[in-house]
Amino acid sequence: MKRLLLIHGAELAVFALLAAVPLAVANPYALGLLTLLAIYGILLIGLDVTVGYLGQINLGHVAFLGLGAYAAGICLTRFGLGLFPALGVATGVGILLGGLLALPALRLEGPQFALATLSFTALSFTFLNEMESLTGGAQGLSLTRPPLFGHDLTPRAFFWLCTVLLAFVWLTMRNLLHSQWGRAFEALRDSAIATDAMGIGAYRHKVAAFALGSGLGGLAGGLYAFNFQYLQPQSFVYDLMVILLLGVVLGGRKSLWGAFVGASIVVLLPNLLSNRHVFLAVSGLGFLLALGSGARGLVRKTTRPFQALAPVVAMGLLVVGGLLVKNTEDWRKAIFALMLFSVVVGLPEGLMGFAARALTRLFRVAPSPLPAPSPLDDVLPLRVADGSAFLELEDLKRHFGGVKAVDGLSMTVRSGQIHGLIGPNGSGKSTAVNVISGLYPPTSGRMRLRGRPLGTGSLYRAAQSGLARTFQNLQLFGELTALENVMVALKGVYRSPIPLVLLGLAKGEERRARADGLALLDLLGLKDQARTRAKDLTYGDQRFLEIARALARKPDLLILDEPAAGLAHPDVQRLIQTIRRIHQRGIAMILIEHHMDVVSELCTLVTVLDGGRVIAEGSPDEVKRHPKVVEAYLGQAGPGDAASEPA
Amino acid sequence: MNALIIGQLAVSGALMGLVYALIAYGFQLTYATSKSINFGQGELVMVSAFFSLTLLDLGVPYALMVPGGLIFGALLGLLVERTGVRLALEEKSEGWVLLTIILGLFFFSAAENIWGRDDRPFPTPLSQNPVQVFGIDITRMEISVAVGVFAIMGLIELFKRRTLLGKAFEAVSADRDAAELMGISATRTVMLSYGLSGAVAALAGILVSPITTVGPTMASAMILKAFSVAVVAGLDSGFGVVLIGMILGALEGLASFYIGSGWREAPGLVLLILALAVRPTGVFGKAGIRKV
Amino acid sequence: MLLVEDLHAGYGTSEVLTGLSLEVRAGTVVALIGANGAGKTTTMRAVSGALRPSRGRVVLDGRDVQGLDASRIARLGLAHAPEGRKVFGPLTVEDNLLLGAYARLPRFFGFRRRAKSDLDRIYELFPRLRERARQTAGTLSGGEQQMLAIGRALMANPKVMLLDEPSMGLAPVIVQEVFRTIRQLKEAGITLLLVEQFARSALEVADYAYVMERGRIAVHGTPAELHRDERVLSAYLG
C-alpha cells in the first residue's frame, strides 16, 4: 500500500504542480517551455517503447514527429478539420506508417534496424521537402491553432490541453506496460524465439509496439504543429533524433518517469547553454559527479577502469572547453555529445534508473504482496488420457545443405504417454524437436496432431495448436522475474480487449494471472523465488522455470529438451518427481534425455535415433538390450575401443 | 541522343556510387570482426577530408597528403574503437550504436568550429578536361575515384587472403572464441579493423572532395546512401557493395534528372526498404540458421 | 607442466567449478571424466582462458597464467582443441592449420615457408587433410573436422594440449580412429589433457585420470586404480 501511495502520490504531485505553474507564472517564454515539455514527454514515452521495451535503437522516431505534425497541419489548412480530429489523424498517420515501416524493418536486428529507421527519417525528410504542393516544401507551412469547442485556445489553455494529454498517455501507457502486453514486449527483447514458442507471436507484438510508439510520435507531432504554428522539414532531421535519444537514455529507459525527466532535459538544454554561468555550474557539477562515482566504482571494483575514467575525461573536457571557448552555443552539439557520452558510459541505466534504486532503498518500499496460488486443478485441469494416437510423424526429413540431420523419422506419441527420444550427439533429436515445434520447416514428411495436419515452420502456430516446449540452451526472459516469466506464457487468462487494458479495467485478470502463475511455480518448487529475476536464479532453478513456463501454455503435448542436462544428482531426483506429477495431470510428453536412468524411470516408450533415423523403438528395457542401440549409443566393453556409458 | 544522356547520367552516377561502396566497405571491415559498425563513419570521412585540406594548405605535397590523410583516418578509427566500441563489445551490449553516433556528433561539432561551416574547394592536380568514352564524358576526377576505390579494396582483400594477419582477421570473423584459442587477440583484430575502416573513410573523403567540395555536411547525404548500400548488399560481400553501390549511384543520377534533384536520395531509400522486405540479410548476405 | 589449484569458475551467478585441482605432468596423457554437467568443459575453458576463473591458480610450465586472455595463454604454449571442434568454416584446411601456428609465424609474408615442415608433419599424421588442403573446412565431415581441430592445435607445438570431447557426435568407427590418433600423440610424447564421454576408452590411453563430480574432483588415480574402485566402476565404467 505504501508503495502505491508513494508512486501515485508522486505522479499526482508532479501533474498538479505542472498544471498550477501557469497560474503563478505569466512569463510566455516559460509557458512555451512547459508546453514543449509536455509534448516531448509524450514523444519520449513513445520512443521509450522501442528503445526501452523492445531494446532496439530506433532512429526513425523524429520522422513520425514530423509526419504527424504535417498531417495535423495539412488537415487543418487543407481540409479545415478541428483540433481533435486533426490530432487523431496525426496519431493515425504515426500508427499506420509506423506499422508499415516495422513490417520489413523489424525482421532486422541491431545495426541493420537502426540503419533502416535512419533511412526512413531521411526518406520522410525528402518527402516533406519535395512535395511542395502539399507541404510547402522548404518554404514551410504556416497554420493557426484551431479553436476548441468554439473557444480560442490561449497559450495557457493549450498548455493545459497538452498536460492533460500527457497525463492521459502516461496513465494508459502505465496500464499497458504493466499488463501482459508490456511483459510481452520485454520478453521479446530477451528471447524472441521463446516468445514465439510461448504462443505470443513475437513479430506481430514487435510491429504492434513499434506502431504504438510511432502513434505517440504522431500525436506529439500534431501538438507540436499547433504549438509552433509553423512547420519546416529541416526541424525533423537526424540532429533532433540524436537529442531525443539523449533524452530517453539520460532519463532512463523503460520508465515513464525517465521519459519525463529526459523531456525536461531536452527542453532545458538550449537555455542551459545560453547562460555561461549556468553552463559552468552544470558542467562542474557533472565533473564532480563523474569523479565521485568513478572513484567509488574503482574502489569497489564494480566498474571497469574505462567506465570510471572516460566520463571523468569527457566532463573534464566540458569544463575546460567551457572556460576556453567564447561562445558555447557554437559548440552545442559537441557539448551534447560529451554529456551523452558520459551518461551512456558511466550511468547506463540513466538518471531515473539510478534514482529509482536509491529511492527504493531510501523508503524501503516493499513490493506489493503476492496473492495465494490458485488451486492446481483450475490452472492445469486433469485430462483423460485414452492412449489414442496424438502426434504422428511420418517420414519426417530435415536437411541442412548436405547434412541429413533428420532423415526419415516416423513415430507416434500417444496421449498421456511419456515418449522418450534418445540417441548419440548429432543423431537428430534436437533437430526433430525443432521441426515438430516449428522452429524449422521440415524438408519433407508429414506431421499430424490429433489427426489434423500440424502447421509447420512457425513456433507460434505450433504453440497455438497446443504444443509447448523447453529449450536445451535456456531461453528464459532473463530480465523478468520467475513469476513474470510464467505470466508471459499463461494461456486463457487474458481476455480483455486492449481499450479496457489501457483504461486499467483489466486488473482482475492480472490478479488471476498472478495466482495461476504462482500455482505453477509451486508445482515446480519455485514459489519462494517468484520475485527473483530469471537470470539470477541458480542453473537448476532456471531449468525448472523453463518447465513451469511451458506448462503455463496448458499444453496438450509438452516437449522437454534435455531437462536434466547439467543438473546435479538431487535436482535430477526432483526433476523425476516433477515430471511424474505433470504426467499425472494427463499431459503427453516427449522427453529428450541423455541420462538413461531418467529415461528408464519415466518413459513408457523410447525411440532411439542415430544418423537422423530410428534404429530402435520399444520399452526402456527393450531398447537397452537392442544390439543396434548398444552399438551406436550405449556402447559396451568392446574390443578395446569407443565404448562406455553415455555420460 | 536520349540514350547518350541516359548513359552519361548512369556512368557518372555509377562512379559516384563507388564512393558509397567504399564507405560501405568500411562498415563491412568492422562488422566482420566485431559485428559492429561506426555510425559516425560519415564524420570520419568529413574530418579526414578537412585534415587533408589543411595539410595541402600547409604546403604538404599532394603525394604526401594522401598517406597523411589515411593515417589520420586510421587514428580516428582507433579512437572510435577505444572510446565507443570496446566497452560495449566486452559487455555484449549494443551500446556502441549510441556511442558511435555520439562520437560522430562530437567530430561534427569540432569540425564546424575548427574549419568553419562553409564549403571549401579541394584542389586537385588532375586536369579538368574530361575523357570521352563512347561519347560519354568522364572527368579525370571520376577516374581517380574508380582507381582509388579499386586499389584500396584490392589491397585490403589481398591482405586478407595473402597474409597471416589477414587470415587471422577472417578467423576472428568466423569464430571469435576459437581464434582466441589460437593465440589471436580478438581485441587487437577489432582495433585493426577499425583502423583500416578509418583509413578507408579517409580515402573516400580525399577522393570525393574535389568533386563535392569540403564542408561539415559533405558526408551527411553520402553516409545515408552508404548505409543503404551496406544493408542492401549485406554486410559480408565486398563484391556486393561495389555492384549495389554502382547501381544505386546510376539510379540516383537518373532520378535526379527525371524526377527532380531533390528526389535524388529517394531511390536508394526505397531500394533499401524493398530489399529489407524481401531479404533481410541483404542481397549478398548469408542467411543464418536460427539456433537454440 | 600444467597445475590447477582450487579453481572456481562459472557463468553469471551460477558457479560450475567449486574448487578443482589437478596436475598434468610433462609427457603424460591425463583423462578427465565425469557425468554431463559435472563441469569438464568448463574446466577446459577456465584453464585455457576462454572463461575467466573467479578464484584459484592455473600454472603453465611454472608460470601463473590465471586471469590472462585466452590469446595470451595460447601464445605461452597451451593449445585447446575445443568441444564441438570449432574449425574456421569459411577458411581452407591449410589456412586453418596455419592459424594454429599463428603465435610463432611471421604476420605478413613468408609464413607459409616457415610453416612448411610443421604442415608436412601434420599431413603425415592425417593424410586425409593433405588431400583436402584447399577445401574450406566447413565442407569436411565431422570426423575430418575433428582431425583438423587436433592438427590445428598441434601446429602450435604446444607444451600442453587440451582435447575436449573429441568423439562428440561421431559415428563409432570414427571414434575408434580418433582414439588411434590420441594413442599416436601419446607415443609422440605430447602432453595431453583429455575430456571424454567414452570413459572406458579414455582410461585405456591415459596415464592418469581424474573423475569429476559437481564441479570438483571426486576421485583420481591411475586407470588401474580406478578400475578397482567399486563406485567409479559402477557409475562411469558400468
# chains A, B, ... in the order shown; residues from 1 in each chain; ligands from 1
call {"tool": "interface_residues", "arguments": {"of": "chain C", "to": "chain B", "cutoff": "8 Å", "atoms": "only C-alpha atoms", "output": "mmCIF file with N, CA and C atoms, in the first residue's frame"}}
result
data_model
loop_
_atom_site.group_PDB
_atom_site.id
_atom_site.type_symbol
_atom_site.label_atom_id
_atom_site.label_comp_id
_atom_site.auth_asym_id
_atom_site.auth_seq_id
_atom_site.Cartn_x
_atom_site.Cartn_y
_atom_site.Cartn_z
ATOM 1 N N SER C 48 42.093 -22.655 -20.234
ATOM 2 C CA SER C 48 42.659 -22.029 -21.429
ATOM 3 C C SER C 48 42.337 -20.541 -21.517
ATOM 4 N N ALA C 50 39.383 -19.161 -21.972
ATOM 5 C CA ALA C 50 38.159 -18.820 -22.703
ATOM 6 C C ALA C 50 37.098 -18.345 -21.716
ATOM 7 N N ALA C 70 42.693 -15.537 -23.296
ATOM 8 C CA ALA C 70 42.911 -16.823 -23.956
ATOM 9 C C ALA C 70 44.057 -16.726 -24.965
ATOM 10 N N SER C 71 44.118 -15.604 -25.700
ATOM 11 C CA SER C 71 45.140 -15.497 -26.740
ATOM 12 C C SER C 71 46.532 -15.461 -26.120
ATOM 13 N N ARG C 72 46.654 -14.825 -24.958
ATOM 14 C CA ARG C 72 47.919 -14.737 -24.238
ATOM 15 C C ARG C 72 48.370 -16.140 -23.794
ATOM 16 N N ILE C 73 47.421 -16.869 -23.189
ATOM 17 C CA ILE C 73 47.732 -18.207 -22.697
ATOM 18 C C ILE C 73 48.135 -19.106 -23.864
ATOM 19 N N ALA C 74 47.439 -18.958 -24.976
ATOM 20 C CA ALA C 74 47.763 -19.766 -26.156
ATOM 21 C C ALA C 74 49.188 -19.478 -26.594
ATOM 22 N N ARG C 75 49.590 -18.202 -26.574
ATOM 23 C CA ARG C 75 50.956 -17.861 -27.010
ATOM 24 C C ARG C 75 51.991 -18.388 -26.039
ATOM 25 N N ALA C 79 47.575 -25.286 -26.116
ATOM 26 C CA ALA C 79 46.675 -25.378 -27.261
ATOM 27 C C ALA C 79 45.399 -26.076 -26.821
ATOM 28 N N HIS C 80 44.283 -25.551 -27.235
ATOM 29 C CA HIS C 80 42.992 -26.076 -26.796
ATOM 30 C C HIS C 80 42.178 -26.441 -28.034
ATOM 31 N N PRO C 82 38.802 -27.249 -28.912
ATOM 32 C CA PRO C 82 37.588 -27.104 -28.109
ATOM 33 C C PRO C 82 36.506 -28.132 -28.456
ATOM 34 N N LYS C 86 34.954 -26.461 -33.626
ATOM 35 C CA LYS C 86 35.174 -25.040 -33.890
ATOM 36 C C LYS C 86 36.263 -24.759 -34.920
ATOM 37 N N VAL C 87 36.249 -25.463 -36.012
ATOM 38 C CA VAL C 87 37.177 -25.098 -37.086
ATOM 39 C C VAL C 87 36.651 -23.840 -37.757
ATOM 40 N N PHE C 88 37.529 -23.121 -38.466
ATOM 41 C CA PHE C 88 37.092 -21.900 -39.148
ATOM 42 C C PHE C 88 36.473 -22.297 -40.488
ATOM 43 N N GLY C 89 35.164 -22.417 -40.499
ATOM 44 C CA GLY C 89 34.448 -22.964 -41.648
ATOM 45 C C GLY C 89 34.745 -22.314 -42.983
ATOM 46 N N PRO C 90 34.767 -20.995 -43.086
ATOM 47 C CA PRO C 90 34.958 -20.371 -44.398
ATOM 48 C C PRO C 90 36.400 -20.440 -44.894
ATOM 49 N N LEU C 91 37.356 -20.793 -44.016
ATOM 50 C CA LEU C 91 38.758 -20.823 -44.440
ATOM 51 C C LEU C 91 39.142 -22.228 -44.906
ATOM 52 N N ASP C 95 44.706 -23.103 -44.345
ATOM 53 C CA ASP C 95 44.682 -21.858 -43.579
ATOM 54 C C ASP C 95 44.372 -22.129 -42.112
ATOM 55 N N LEU C 98 47.525 -23.276 -40.603
ATOM 56 C CA LEU C 98 48.483 -22.178 -40.467
ATOM 57 C C LEU C 98 48.124 -21.308 -39.267
ATOM 58 N N LEU C 99 46.830 -21.066 -39.108
ATOM 59 C CA LEU C 99 46.416 -20.216 -37.991
ATOM 60 C C LEU C 99 46.701 -20.896 -36.653
ATOM 61 N N GLY C 100 46.732 -22.222 -36.672
ATOM 62 C CA GLY C 100 47.093 -22.927 -35.443
ATOM 63 C C GLY C 100 48.479 -22.521 -34.961
ATOM 64 N N ALA C 101 49.343 -22.196 -35.916
ATOM 65 C CA ALA C 101 50.716 -21.816 -35.560
ATOM 66 C C ALA C 101 50.880 -20.302 -35.504
ATOM 67 N N TYR C 102 49.757 -19.601 -35.439
ATOM 68 C CA TYR C 102 49.774 -18.133 -35.515
ATOM 69 C C TYR C 102 50.805 -17.505 -34.591
ATOM 70 N N ALA C 103 50.892 -18.028 -33.376
ATOM 71 C CA ALA C 103 51.726 -17.383 -32.359
ATOM 72 C C ALA C 103 53.205 -17.356 -32.760
ATOM 73 N N PRO C 106 55.586 -15.470 -38.849
ATOM 74 C CA PRO C 106 55.556 -14.042 -39.216
ATOM 75 C C PRO C 106 54.160 -13.645 -39.675
ATOM 76 N N ARG C 107 53.765 -12.408 -39.343
ATOM 77 C CA ARG C 107 52.385 -11.984 -39.578
ATOM 78 C C ARG C 107 52.055 -11.739 -41.049
ATOM 79 N N PHE C 108 53.051 -11.275 -41.813
ATOM 80 C CA PHE C 108 52.680 -10.843 -43.155
ATOM 81 C C PHE C 108 53.116 -11.815 -44.236
ATOM 82 N N PHE C 109 54.438 -11.958 -44.457
ATOM 83 C CA PHE C 109 54.884 -12.782 -45.570
ATOM 84 C C PHE C 109 55.847 -13.856 -45.089
ATOM 85 N N PHE C 111 55.215 -16.771 -44.106
ATOM 86 C CA PHE C 111 54.755 -17.687 -43.065
ATOM 87 C C PHE C 111 54.558 -19.093 -43.613
ATOM 88 N N ALA C 153 45.638 -27.659 -33.399
ATOM 89 C CA ALA C 153 46.219 -27.469 -32.077
ATOM 90 C C ALA C 153 47.690 -27.907 -32.065
ATOM 91 N N ALA C 156 50.733 -25.583 -33.121
ATOM 92 C CA ALA C 156 51.319 -24.598 -32.219
ATOM 93 C C ALA C 156 52.544 -25.155 -31.499
#
call {"tool": "closest_atom_pairs", "arguments": {"of": "region 108-198 of chain B", "to": "region 83-97 of chain B", "cutoff": "10 Å", "atoms": "only C-alpha atoms", "output": "JSON lines"}}
result
{"residue": "B:Thr187", "atom": "CA", "partner": "B:Arg86", "partner_atom": "CA", "distance": 7.9}
{"residue": "B:Val190", "atom": "CA", "partner": "B:Arg86", "partner_atom": "CA", "distance": 8.6}
{"residue": "B:Met191", "atom": "CA", "partner": "B:Arg86", "partner_atom": "CA", "distance": 8.8}
{"residue": "B:Tyr194", "atom": "CA", "partner": "B:Val85", "partner_atom": "CA", "distance": 9.7}
call {"tool": "atom_distance", "arguments": {"atom1": "CA of Gln542 (chain A)", "atom2": "CA of Thr470 (chain A)"}}
result
10.9 Å
call {"tool": "closest_residue", "arguments": {"among": "C:Val93, C:Leu3, C:Val16, C:Val29", "to": "chain A", "atoms": "only C-alpha atoms"}}
result
C:Val16
call {"tool": "closest_residue", "arguments": {"among": "A:Ala19, A:Leu96, A:Val433, A:Leu291", "to": "chain B", "atoms": "only C-alpha atoms"}}
result
A:Val433
call {"tool": "closest_residue", "arguments": {"among": "C:Arg104, C:Met1, C:Thr43, C:Thr28", "to": "Val205 (chain C)", "atoms": "only C-alpha atoms"}}
result
C:Thr28
call {"tool": "residues_around", "arguments": {"residues": "Leu194 (chain C)", "least_positions_apart": "3", "cutoff": "7 Å", "atoms": "only C-alpha atoms", "output": "list in words"}}
result
Val30, Ala31, Leu32, Leu162, Leu163 and Asp164 of chain C
call {"tool": "write_last_selection", "arguments": {"atoms": "all heavy atoms", "output": "short mmCIF file (atom, residue, chain, number, x, y, z; two decimals), in the first residue's frame"}}
result
data_model
loop_
_atom_site.label_atom_id
_atom_site.label_comp_id
_atom_site.auth_asym_id
_atom_site.auth_seq_id
_atom_site.Cartn_x
_atom_site.Cartn_y
_atom_site.Cartn_z
N VAL C 30 46.49 -37.28 -19.53
CA VAL C 30 45.61 -37.30 -18.36
C VAL C 30 44.17 -37.20 -18.83
O VAL C 30 43.84 -36.35 -19.65
CB VAL C 30 45.96 -36.13 -17.40
CG1 VAL C 30 44.92 -36.04 -16.30
CG2 VAL C 30 47.35 -36.31 -16.84
N ALA C 31 43.33 -38.09 -18.34
CA ALA C 31 41.92 -38.07 -18.73
C ALA C 31 41.10 -37.42 -17.64
O ALA C 31 41.38 -37.59 -16.45
CB ALA C 31 41.43 -39.49 -18.99
N LEU C 32 40.09 -36.66 -18.06
CA LEU C 32 39.16 -36.04 -17.13
C LEU C 32 37.79 -36.58 -17.50
O LEU C 32 37.31 -36.33 -18.61
CB LEU C 32 39.23 -34.52 -17.29
CG LEU C 32 38.42 -33.65 -16.34
CD1 LEU C 32 38.85 -33.89 -14.91
CD2 LEU C 32 38.60 -32.18 -16.69
N LEU C 162 44.94 -29.34 -24.72
CA LEU C 162 43.66 -29.73 -24.15
C LEU C 162 42.80 -30.26 -25.28
O LEU C 162 42.66 -29.61 -26.32
CB LEU C 162 42.95 -28.55 -23.50
CG LEU C 162 43.71 -27.70 -22.49
CD1 LEU C 162 42.76 -26.69 -21.86
CD2 LEU C 162 44.32 -28.57 -21.42
N LEU C 163 42.22 -31.42 -25.07
CA LEU C 163 41.40 -32.02 -26.11
C LEU C 163 40.03 -32.30 -25.51
O LEU C 163 39.90 -33.13 -24.61
CB LEU C 163 42.09 -33.31 -26.59
CG LEU C 163 41.56 -34.00 -27.82
CD1 LEU C 163 41.42 -33.03 -28.98
CD2 LEU C 163 42.50 -35.13 -28.21
N ASP C 164 39.02 -31.56 -25.98
CA ASP C 164 37.72 -31.61 -25.33
C ASP C 164 36.73 -32.40 -26.17
O ASP C 164 36.39 -31.99 -27.28
CB ASP C 164 37.21 -30.18 -25.09
CG ASP C 164 36.06 -30.14 -24.11
OD1 ASP C 164 35.61 -31.22 -23.69
OD2 ASP C 164 35.63 -29.04 -23.74
#
call {"tool": "select_by_dssp", "arguments": {"residues": "region 6-187 of chain C", "states": "strand (DSSP E or B)", "output": "mmCIF file with N, CA and C atoms, in the first residue's frame"}}
result
data_model
loop_
_atom_site.group_PDB
_atom_site.id
_atom_site.type_symbol
_atom_site.label_atom_id
_atom_site.label_comp_id
_atom_site.auth_asym_id
_atom_site.auth_seq_id
_atom_site.Cartn_x
_atom_site.Cartn_y
_atom_site.Cartn_z
ATOM 1 N N ASP C 6 42.552 -25.310 -6.809
ATOM 2 C CA ASP C 6 41.378 -24.672 -6.196
ATOM 3 C C ASP C 6 40.665 -23.727 -7.172
ATOM 4 N N LEU C 7 40.373 -24.228 -8.342
ATOM 5 C CA LEU C 7 39.793 -23.382 -9.389
ATOM 6 C C LEU C 7 38.284 -23.221 -9.187
ATOM 7 N N HIS C 8 37.847 -21.968 -9.217
ATOM 8 C CA HIS C 8 36.411 -21.668 -9.169
ATOM 9 C C HIS C 8 36.054 -20.915 -10.442
ATOM 10 N N ALA C 9 34.971 -21.307 -11.082
ATOM 11 C CA ALA C 9 34.538 -20.569 -12.272
ATOM 12 C C ALA C 9 33.084 -20.891 -12.539
ATOM 13 N N GLY C 10 32.455 -20.037 -13.319
ATOM 14 C CA GLY C 10 31.050 -20.283 -13.633
ATOM 15 C C GLY C 10 30.542 -19.275 -14.636
ATOM 16 N N TYR C 11 29.247 -19.357 -14.884
ATOM 17 C CA TYR C 11 28.611 -18.439 -15.835
ATOM 18 C C TYR C 11 27.612 -17.607 -15.060
ATOM 19 N N SER C 14 25.811 -18.509 -11.480
ATOM 20 C CA SER C 14 25.902 -19.913 -11.088
ATOM 21 C C SER C 14 27.344 -20.394 -11.224
ATOM 22 N N GLU C 15 27.849 -20.950 -10.141
ATOM 23 C CA GLU C 15 29.226 -21.408 -10.127
ATOM 24 C C GLU C 15 29.262 -22.879 -10.525
ATOM 25 N N VAL C 16 30.031 -23.183 -11.564
ATOM 26 C CA VAL C 16 30.092 -24.554 -12.046
ATOM 27 C C VAL C 16 31.266 -25.289 -11.408
ATOM 28 N N LEU C 17 32.413 -24.618 -11.350
ATOM 29 C CA LEU C 17 33.588 -25.231 -10.728
ATOM 30 C C LEU C 17 33.702 -24.746 -9.294
ATOM 31 N N THR C 18 33.807 -25.665 -8.368
ATOM 32 C CA THR C 18 33.842 -25.276 -6.964
ATOM 33 C C THR C 18 35.099 -25.833 -6.310
ATOM 34 N N GLY C 19 36.242 -25.316 -6.749
ATOM 35 C CA GLY C 19 37.475 -25.731 -6.104
ATOM 36 C C GLY C 19 38.061 -26.986 -6.711
ATOM 37 N N LEU C 20 38.501 -26.858 -7.950
ATOM 38 C CA LEU C 20 39.027 -28.012 -8.666
ATOM 39 C C LEU C 20 40.547 -27.956 -8.689
ATOM 40 N N SER C 21 41.185 -29.084 -8.437
ATOM 41 C CA SER C 21 42.641 -29.141 -8.528
ATOM 42 C C SER C 21 43.043 -30.355 -9.343
ATOM 43 N N LEU C 22 43.992 -30.171 -10.221
ATOM 44 C CA LEU C 22 44.558 -31.325 -10.923
ATOM 45 C C LEU C 22 45.940 -30.990 -11.440
ATOM 46 N N GLU C 23 46.642 -32.026 -11.900
ATOM 47 C CA GLU C 23 48.001 -31.806 -12.383
ATOM 48 C C GLU C 23 48.240 -32.674 -13.609
ATOM 49 N N VAL C 24 48.904 -32.087 -14.598
ATOM 50 C CA VAL C 24 49.273 -32.857 -15.777
ATOM 51 C C VAL C 24 50.792 -32.804 -15.900
ATOM 52 N N VAL C 29 49.485 -38.449 -20.640
ATOM 53 C CA VAL C 29 48.108 -38.199 -21.065
ATOM 54 C C VAL C 29 47.226 -38.342 -19.834
ATOM 55 N N VAL C 30 46.490 -37.276 -19.527
ATOM 56 C CA VAL C 30 45.614 -37.295 -18.363
ATOM 57 C C VAL C 30 44.173 -37.197 -18.831
ATOM 58 N N ALA C 31 43.328 -38.094 -18.336
ATOM 59 C CA ALA C 31 41.922 -38.066 -18.728
ATOM 60 C C ALA C 31 41.100 -37.421 -17.638
ATOM 61 N N LEU C 32 40.090 -36.662 -18.062
ATOM 62 C CA LEU C 32 39.163 -36.037 -17.127
ATOM 63 C C LEU C 32 37.793 -36.579 -17.497
ATOM 64 N N ILE C 33 37.201 -37.357 -16.606
ATOM 65 C CA ILE C 33 35.901 -37.933 -16.940
ATOM 66 C C ILE C 33 34.874 -37.529 -15.900
ATOM 67 N N GLY C 34 33.616 -37.763 -16.202
ATOM 68 C CA GLY C 34 32.552 -37.381 -15.291
ATOM 69 C C GLY C 34 31.253 -37.229 -16.053
ATOM 70 N N ARG C 55 38.359 -17.652 -9.065
ATOM 71 C CA ARG C 55 39.326 -17.866 -7.993
ATOM 72 C C ARG C 55 40.208 -19.054 -8.377
ATOM 73 N N GLY C 56 41.367 -19.139 -7.775
ATOM 74 C CA GLY C 56 42.209 -20.307 -7.999
ATOM 75 C C GLY C 56 43.461 -19.987 -8.783
ATOM 76 N N ARG C 57 44.238 -21.029 -9.091
ATOM 77 C CA ARG C 57 45.519 -20.813 -9.731
ATOM 78 C C ARG C 57 45.666 -21.779 -10.898
ATOM 79 N N VAL C 58 46.153 -21.283 -12.019
ATOM 80 C CA VAL C 58 46.485 -22.151 -13.142
ATOM 81 C C VAL C 58 47.943 -21.888 -13.475
ATOM 82 N N VAL C 59 48.770 -22.891 -13.383
ATOM 83 C CA VAL C 59 50.203 -22.702 -13.622
ATOM 84 C C VAL C 59 50.616 -23.520 -14.840
ATOM 85 N N LEU C 60 51.154 -22.828 -15.839
ATOM 86 C CA LEU C 60 51.580 -23.498 -17.060
ATOM 87 C C LEU C 60 53.105 -23.407 -17.131
ATOM 88 N N ARG C 63 54.583 -20.984 -14.806
ATOM 89 C CA ARG C 63 54.167 -19.591 -14.875
ATOM 90 C C ARG C 63 52.661 -19.478 -14.581
ATOM 91 N N ASP C 64 52.302 -18.569 -13.667
ATOM 92 C CA ASP C 64 50.893 -18.403 -13.314
ATOM 93 C C ASP C 64 50.159 -17.694 -14.460
ATOM 94 N N LEU C 78 49.830 -23.164 -24.633
ATOM 95 C CA LEU C 78 48.732 -24.069 -24.350
ATOM 96 C C LEU C 78 47.804 -24.097 -25.561
ATOM 97 N N ALA C 79 47.575 -25.286 -26.116
ATOM 98 C CA ALA C 79 46.675 -25.378 -27.261
ATOM 99 C C ALA C 79 45.399 -26.076 -26.821
ATOM 100 N N HIS C 80 44.283 -25.551 -27.235
ATOM 101 C CA HIS C 80 42.992 -26.076 -26.796
ATOM 102 C C HIS C 80 42.178 -26.441 -28.034
ATOM 103 N N ALA C 81 41.932 -27.727 -28.224
ATOM 104 C CA ALA C 81 41.028 -28.145 -29.297
ATOM 105 C C ALA C 81 39.647 -28.246 -28.680
ATOM 106 N N THR C 92 40.203 -22.305 -45.691
ATOM 107 C CA THR C 92 40.621 -23.613 -46.176
ATOM 108 C C THR C 92 41.270 -24.407 -45.046
ATOM 109 N N THR C 136 37.408 -25.742 -48.206
ATOM 110 C CA THR C 136 37.088 -24.976 -46.991
ATOM 111 C C THR C 136 36.704 -25.965 -45.896
ATOM 112 N N VAL C 160 51.316 -27.967 -23.619
ATOM 113 C CA VAL C 160 50.212 -28.805 -23.166
ATOM 114 C C VAL C 160 49.070 -28.647 -24.172
ATOM 115 N N MET C 161 48.406 -29.775 -24.444
ATOM 116 C CA MET C 161 47.263 -29.691 -25.353
ATOM 117 C C MET C 161 46.015 -30.143 -24.603
ATOM 118 N N LEU C 162 44.942 -29.342 -24.719
ATOM 119 C CA LEU C 162 43.660 -29.734 -24.151
ATOM 120 C C LEU C 162 42.796 -30.262 -25.285
ATOM 121 N N LEU C 163 42.216 -31.420 -25.067
ATOM 122 C CA LEU C 163 41.399 -32.021 -26.114
ATOM 123 C C LEU C 163 40.031 -32.302 -25.506
ATOM 124 N N ASP C 164 39.020 -31.557 -25.976
ATOM 125 C CA ASP C 164 37.716 -31.608 -25.330
ATOM 126 C C ASP C 164 36.730 -32.403 -26.174
#
call {"tool": "decode", "arguments": {"residues": "region 103-110 of chain C", "atoms": "N, CA and C atoms", "output": "tab-separated table (two decimals), in the first residue's frame"}}
result
chain	number	residue	atom	x	y	z
C	103	ALA	N	50.89	-18.03	-33.38
C	103	ALA	CA	51.73	-17.38	-32.36
C	103	ALA	C	53.20	-17.36	-32.76
C	104	ARG	N	53.65	-18.30	-33.59
C	104	ARG	CA	55.09	-18.35	-33.85
C	104	ARG	C	55.43	-18.17	-35.32
C	105	LEU	N	54.51	-17.60	-36.10
C	105	LEU	CA	54.79	-17.36	-37.52
C	105	LEU	C	54.85	-15.86	-37.79
C	106	PRO	N	55.59	-15.47	-38.85
C	106	PRO	CA	55.56	-14.04	-39.22
C	106	PRO	C	54.16	-13.64	-39.68
C	107	ARG	N	53.77	-12.41	-39.34
C	107	ARG	CA	52.38	-11.98	-39.58
C	107	ARG	C	52.05	-11.74	-41.05
C	108	PHE	N	53.05	-11.28	-41.81
C	108	PHE	CA	52.68	-10.84	-43.15
C	108	PHE	C	53.12	-11.81	-44.24
C	109	PHE	N	54.44	-11.96	-44.46
C	109	PHE	CA	54.88	-12.78	-45.57
C	109	PHE	C	55.85	-13.86	-45.09
C	110	GLY	N	55.97	-14.89	-45.90
C	110	GLY	CA	56.94	-15.92	-45.59
C	110	GLY	C	56.47	-16.92	-44.55
